[in-house]
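A short write-up of the structure that comes next.
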Amino acid sequence: MKVIIADDYEIMSREAAKVVAAEIEKNPDCVLALPTGGTPLGFYAELVRMHKEEGLDFSRVTTFNLDEYLGLPETHKSSYAFYMYDNFFNDVNVNRDRVHIPRGLAEDPHEEAAAYEREIKKAGGIDLAVLGIGRNGHIGFNEPKTEFGSLTRPIYLAKRTIEANARFFDDDPDAVPRQAISMGIKTIMNSRKIILLANGPEKSGAIYQTIHGPVTDMVPSSVLQLHPDCTVFLDRDAASELKPPSDDVVQGPGIMSMVY
Ligand code: PGA
């Protein structure tokens, strides 16, 4: 796996945004999978800046969000739909017809998930998936013990995830929905290219296991070791437990790049 360790969160966010910009420049019709949460806020801010100041054009890009809570309308301020429009879509020229987020109020979540999977296929598959990571190694809402062969489906959130996400629900864990629709591990692994972002000391253990640990369904992100084109973007805190790499470290301004 390729690992980029940035001196700080801003540089990490900028470097990850550059990968998306390069993908769009290479293929203006590319299909992106997009994350939510605290981690990618700087990444979205940088993409918005690139759109406004450098003309980065999202008009032909198709997006699929990784997941959405079940039971929340998209107008709810803690829904991922709200997050996406608030932090990103409202500030760039994305075509709303090309935006896909599972509907939290879908009457039949299983059918919603199956239809989502069909839409991804119809779009030609995901060119670039951008991921965050949970403290328990979840990617999307694929919690420990998720099958590697899983596709988009309704899931139950792990207790640790509910506790971690309570901060987006006025610190009230009881307000966090217990279920969500999430792309599966297989859906994510089928992406042609994957980048994962993690910052802060609370992610360092999960990052260690992602990169050094055995590939196990107890740490869903460890499956990324099997992907042919995956790059992990970290700040120093998230990288603090990593072993020294066996390959050469390439230094750039504010970043170190290495292969594990
Ligand atoms: P966070 O969430 O960025 O809010 O830490 C990441 C995740 O749970 O995937």
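Chain labels run A, B, ... following the order of the structure tokens; each chain numbers its residues from 1, and ligands are numbered from 1 in the order shown.
Once only C-alpha atoms and all ligand atoms are used for the distance check, the residues close to ligand 1 at 9 Å turn out to be A:Pro35, A:Thr36, A:Gly37, A:Gly38, A:Thr39, A:Pro40, A:Leu41, A:Leu131, A:Gly132, A:Ile133, A:Gly134, A:Arg135, A:Asn136, A:Gly137, A:His138, A:Ile139, A:Gly140, A:Phe141, A:Thr161, A:Ala164, A:Asn165, A:Arg167, A:Phe168, A:Leu197, A:Ala198, A:Asn199, A:Gly200, A:Glu202, A:Lys203.
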key: Nearby residues (only C-alpha atoms) at most 10 Å from segment 2-9 of chain A, same-chain spacing under 4 positions excluded, as a ChimeraX atom specification   = /A:13-16,39-40,42-43,195-200,211,225,229-240,245,249-260
message = For a quick check of understanding, using only C-alpha atoms, which of A:Arg60, A:Lys159, A:Lys18, A:Lys186 has the smallest distance to Pro173 of chain A?
response = A:Lys159
task = Please indicate the distance in Å from atom CA of Ala113 of chain A to atom CA of His76 of chain A, rounded to one decimal place.
result = 20.3 Å
Using DSSP assignments from the backbone, pull out every residue in segment 31-83 of chain A that falls under alpha helix (DSSP H) and give it to me as a PDB file with N, CA, C and O atoms, in the first residue's frame.
```pdb
ATOM      1  N   LEU A  41     -13.706  17.018   6.002  1.00  0.00           N
ATOM      2  CA  LEU A  41     -14.155  18.414   5.897  1.00  0.00           C
ATOM      3  C   LEU A  41     -13.107  19.288   5.209  1.00  0.00           C
ATOM      4  O   LEU A  41     -13.436  20.112   4.342  1.00  0.00           O
ATOM      5  N   GLY A  42     -11.845  19.108   5.564  1.00  0.00           N
ATOM      6  CA  GLY A  42     -10.778  19.899   4.941  1.00  0.00           C
ATOM      7  C   GLY A  42     -10.595  19.529   3.474  1.00  0.00           C
ATOM      8  O   GLY A  42     -10.280  20.383   2.633  1.00  0.00           O
ATOM      9  N   PHE A  43     -10.794  18.290   3.169  1.00  0.00           N
ATOM     10  CA  PHE A  43     -10.705  17.782   1.789  1.00  0.00           C
ATOM     11  C   PHE A  43     -11.784  18.434   0.920  1.00  0.00           C
ATOM     12  O   PHE A  43     -11.515  18.923  -0.180  1.00  0.00           O
ATOM     13  N   TYR A  44     -13.030  18.476   1.450  1.00  0.00           N
ATOM     14  CA  TYR A  44     -14.097  19.125   0.675  1.00  0.00           C
ATOM     15  C   TYR A  44     -13.840  20.631   0.540  1.00  0.00           C
ATOM     16  O   TYR A  44     -14.070  21.210  -0.525  1.00  0.00           O
ATOM     17  N   ALA A  45     -13.347  21.239   1.611  1.00  0.00           N
ATOM     18  CA  ALA A  45     -13.056  22.686   1.550  1.00  0.00           C
ATOM     19  C   ALA A  45     -12.019  22.966   0.463  1.00  0.00           C
ATOM     20  O   ALA A  45     -12.121  23.957  -0.275  1.00  0.00           O
ATOM     21  N   GLU A  46     -11.043  22.084   0.343  1.00  0.00           N
ATOM     22  CA  GLU A  46     -10.007  22.270  -0.681  1.00  0.00           C
ATOM     23  C   GLU A  46     -10.577  22.056  -2.088  1.00  0.00           C
ATOM     24  O   GLU A  46     -10.230  22.796  -3.016  1.00  0.00           O
ATOM     25  N   LEU A  47     -11.460  21.088  -2.249  1.00  0.00           N
ATOM     26  CA  LEU A  47     -12.085  20.886  -3.569  1.00  0.00           C
ATOM     27  C   LEU A  47     -12.936  22.098  -3.949  1.00  0.00           C
ATOM     28  O   LEU A  47     -12.956  22.513  -5.121  1.00  0.00           O
ATOM     29  N   VAL A  48     -13.627  22.663  -2.975  1.00  0.00           N
ATOM     30  CA  VAL A  48     -14.424  23.872  -3.238  1.00  0.00           C
ATOM     31  C   VAL A  48     -13.493  25.013  -3.651  1.00  0.00           C
ATOM     32  O   VAL A  48     -13.760  25.732  -4.619  1.00  0.00           O
ATOM     33  N   ARG A  49     -12.379  25.142  -2.950  1.00  0.00           N
ATOM     34  CA  ARG A  49     -11.411  26.194  -3.310  1.00  0.00           C
ATOM     35  C   ARG A  49     -10.891  25.970  -4.735  1.00  0.00           C
ATOM     36  O   ARG A  49     -10.804  26.904  -5.532  1.00  0.00           O
ATOM     37  N   MET A  50     -10.584  24.721  -5.059  1.00  0.00           N
ATOM     38  CA  MET A  50     -10.065  24.434  -6.403  1.00  0.00           C
ATOM     39  C   MET A  50     -11.119  24.746  -7.465  1.00  0.00           C
ATOM     40  O   MET A  50     -10.785  25.185  -8.564  1.00  0.00           O
ATOM     41  N   HIS A  51     -12.377  24.500  -7.127  1.00  0.00           N
ATOM     42  CA  HIS A  51     -13.455  24.830  -8.065  1.00  0.00           C
ATOM     43  C   HIS A  51     -13.524  26.345  -8.257  1.00  0.00           C
ATOM     44  O   HIS A  51     -13.549  26.833  -9.395  1.00  0.00           O
ATOM     45  N   LYS A  52     -13.519  27.085  -7.163  1.00  0.00           N
ATOM     46  CA  LYS A  52     -13.721  28.539  -7.242  1.00  0.00           C
ATOM     47  C   LYS A  52     -12.511  29.271  -7.796  1.00  0.00           C
ATOM     48  O   LYS A  52     -12.643  30.196  -8.586  1.00  0.00           O
ATOM     49  N   GLU A  53     -11.323  28.822  -7.401  1.00  0.00           N
ATOM     50  CA  GLU A  53     -10.126  29.584  -7.784  1.00  0.00           C
ATOM     51  C   GLU A  53      -9.429  29.014  -9.013  1.00  0.00           C
ATOM     52  O   GLU A  53      -8.736  29.731  -9.722  1.00  0.00           O
ATOM     53  N   GLU A  54      -9.605  27.720  -9.256  1.00  0.00           N
ATOM     54  CA  GLU A  54      -8.850  27.107 -10.353  1.00  0.00           C
ATOM     55  C   GLU A  54      -9.763  26.496 -11.412  1.00  0.00           C
ATOM     56  O   GLU A  54      -9.298  25.883 -12.360  1.00  0.00           O
ATOM     57  N   TYR A  80     -26.458  12.458   6.140  1.00  0.00           N
ATOM     58  CA  TYR A  80     -25.296  12.619   5.275  1.00  0.00           C
ATOM     59  C   TYR A  80     -25.654  13.396   4.012  1.00  0.00           C
ATOM     60  O   TYR A  80     -24.795  14.048   3.413  1.00  0.00           O
ATOM     61  N   ALA A  81     -26.916  13.332   3.617  1.00  0.00           N
ATOM     62  CA  ALA A  81     -27.342  14.152   2.472  1.00  0.00           C
ATOM     63  C   ALA A  81     -27.166  15.637   2.817  1.00  0.00           C
ATOM     64  O   ALA A  81     -26.599  16.407   2.033  1.00  0.00           O
ATOM     65  N   PHE A  82     -27.626  16.005   3.994  1.00  0.00           N
ATOM     66  CA  PHE A  82     -27.487  17.409   4.421  1.00  0.00           C
ATOM     67  C   PHE A  82     -26.010  17.794   4.456  1.00  0.00           C
ATOM     68  O   PHE A  82     -25.604  18.847   3.961  1.00  0.00           O
ATOM     69  N   TYR A  83     -25.213  16.943   5.053  1.00  0.00           N
ATOM     70  CA  TYR A  83     -23.763  17.182   5.149  1.00  0.00           C
ATOM     71  C   TYR A  83     -23.164  17.437   3.764  1.00  0.00           C
ATOM     72  O   TYR A  83     -22.381  18.366   3.562  1.00  0.00           O
TER      73      TYR A  83
END
```
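All residues of segment 122-233 of chain A that DSSP, run on the backbone, classes as strand (DSSP E or B) are Leu128, Ala129, Val130, Leu131, Ile139, Asn142, Arg153, Pro154, Ile155, Tyr156, Gln179, Ala180, Ile181, Ser182, Lys193, Ile194, Ile195, Leu196, Leu197, Ala198, Cys230, Thr231, Val232 and Phe233 of chain A.
Distances to Asp97 of chain A were evaluated for A:Glu112, A:Glu147, A:Gly55, A:Val61 using only C-alpha atoms, and the minimum falls at A:Val61.
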Coordinates-based distance that separates atom CA of Asp67 of chain A from atom CA of Ile101 of chain A (Å, one decimal) = 7.1 Å
message = So that I can see what lies close to Arg98 of chain A, please list as a VMD selection string the residues with an atom at most 10 Å from it, counting only C-alpha atoms and leaving out residues fewer than 5 positions away in the same chain.
response = chain A and resid 31 59 to 64 123
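Near segment 105-111 of chain A, within 9 Å and counting only C-alpha atoms, sit Tyr69, Leu70, Gly71, Leu72, Pro73, Glu74, Pro102, Ala114, Ala115, Tyr116, Thr152, Arg153, Pro154, Ala180 and Ile181 of chain A; same-chain residues fewer than 3 positions away were not included.
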For C-alpha atoms, I'd like the residues from the last selection saved as a PDB file, in the first residue's frame.
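Produced file selection_39.pdb, reproduced below:
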```pdb
ATOM      1  CA  TYR A  69     -28.462   6.740   8.128  1.00  0.00           C
ATOM      2  CA  LEU A  70     -31.796   5.027   7.975  1.00  0.00           C
ATOM      3  CA  GLY A  71     -34.687   6.957   9.477  1.00  0.00           C
ATOM      4  CA  LEU A  72     -33.418  10.478   8.820  1.00  0.00           C
ATOM      5  CA  PRO A  73     -34.916  12.741   6.145  1.00  0.00           C
ATOM      6  CA  GLU A  74     -32.366  14.463   3.949  1.00  0.00           C
ATOM      7  CA  PRO A 102     -29.093   6.299  -0.340  1.00  0.00           C
ATOM      8  CA  ALA A 114     -30.192  -3.134  -4.403  1.00  0.00           C
ATOM      9  CA  ALA A 115     -31.206  -0.208  -6.630  1.00  0.00           C
ATOM     10  CA  TYR A 116     -28.137   1.726  -5.468  1.00  0.00           C
ATOM     11  CA  THR A 152     -24.772  -2.239  -0.649  1.00  0.00           C
ATOM     12  CA  ARG A 153     -27.284  -3.188   2.036  1.00  0.00           C
ATOM     13  CA  PRO A 154     -28.943  -2.073   5.271  1.00  0.00           C
ATOM     14  CA  ALA A 180     -27.853   2.785   7.885  1.00  0.00           C
ATOM     15  CA  ILE A 181     -27.503   1.799   4.258  1.00  0.00           C
TER      16      ILE A 181
END
```
All residues 6 Å or closer to segment 188-193 of chain A, only C-alpha atoms, same chain fewer than 3 positions away omitted, as a ChimeraX atom specification = /A:126-128,185,229
Residues of the last selection are to be written out with all heavy atoms, as a JSON list (two decimals), in the first residue's frame.
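Saved as result-v1.json:
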```json
[["chain", "number", "residue", "atom", "x", "y", "z"],
["A", 126, "ILE", "N", -17.18, 2.41, -10.00],
["A", 126, "ILE", "CA", -16.55, 3.55, -9.34],
["A", 126, "ILE", "C", -15.10, 3.67, -9.78],
["A", 126, "ILE", "O", -14.33, 2.71, -9.72],
["A", 126, "ILE", "CB", -16.64, 3.37, -7.80],
["A", 126, "ILE", "CG1", -18.11, 3.42, -7.36],
["A", 126, "ILE", "CG2", -15.82, 4.43, -7.08],
["A", 126, "ILE", "CD1", -18.36, 2.81, -6.00],
["A", 127, "ASP", "N", -14.74, 4.86, -10.26],
["A", 127, "ASP", "CA", -13.35, 5.09, -10.67],
["A", 127, "ASP", "C", -12.46, 5.36, -9.47],
["A", 127, "ASP", "O", -11.35, 4.86, -9.38],
["A", 127, "ASP", "CB", -13.28, 6.28, -11.64],
["A", 127, "ASP", "CG", -13.97, 5.96, -12.94],
["A", 127, "ASP", "OD1", -13.58, 4.98, -13.58],
["A", 127, "ASP", "OD2", -14.94, 6.67, -13.30],
["A", 128, "LEU", "N", -12.95, 6.20, -8.57],
["A", 128, "LEU", "CA", -12.14, 6.59, -7.41],
["A", 128, "LEU", "C", -13.03, 6.62, -6.17],
["A", 128, "LEU", "O", -14.01, 7.37, -6.13],
["A", 128, "LEU", "CB", -11.51, 7.97, -7.64],
["A", 128, "LEU", "CG", -10.83, 8.62, -6.43],
["A", 128, "LEU", "CD1", -9.64, 7.80, -5.94],
["A", 128, "LEU", "CD2", -10.36, 10.04, -6.79],
["A", 185, "ILE", "N", -18.27, -4.03, 1.31],
["A", 185, "ILE", "CA", -16.81, -4.12, 1.12],
["A", 185, "ILE", "C", -16.50, -4.42, -0.35],
["A", 185, "ILE", "O", -15.59, -3.83, -0.94],
["A", 185, "ILE", "CB", -16.23, -5.26, 2.00],
["A", 185, "ILE", "CG1", -16.48, -4.97, 3.48],
["A", 185, "ILE", "CG2", -14.76, -5.49, 1.68],
["A", 185, "ILE", "CD1", -15.50, -4.07, 4.14],
["A", 229, "ASP", "N", -4.61, -0.62, -6.12],
["A", 229, "ASP", "CA", -4.29, 0.81, -6.25],
["A", 229, "ASP", "C", -4.92, 1.60, -5.09],
["A", 229, "ASP", "O", -5.93, 2.27, -5.27],
["A", 229, "ASP", "CB", -4.79, 1.34, -7.60],
["A", 229, "ASP", "CG", -4.34, 2.77, -7.87],
["A", 229, "ASP", "OD1", -3.72, 3.38, -6.98],
["A", 229, "ASP", "OD2", -4.63, 3.28, -8.98]]
```
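Atom CA of Arg178 of chain A is found 25.2 Å from atom CA of Glu119 of chain A.
Considering the residues A:Met1, A:Met183, A:Val94, A:Met84 and counting only C-alpha atoms, Ser222 of chain A has its shortest atom-to-atom contact with A:Met1.
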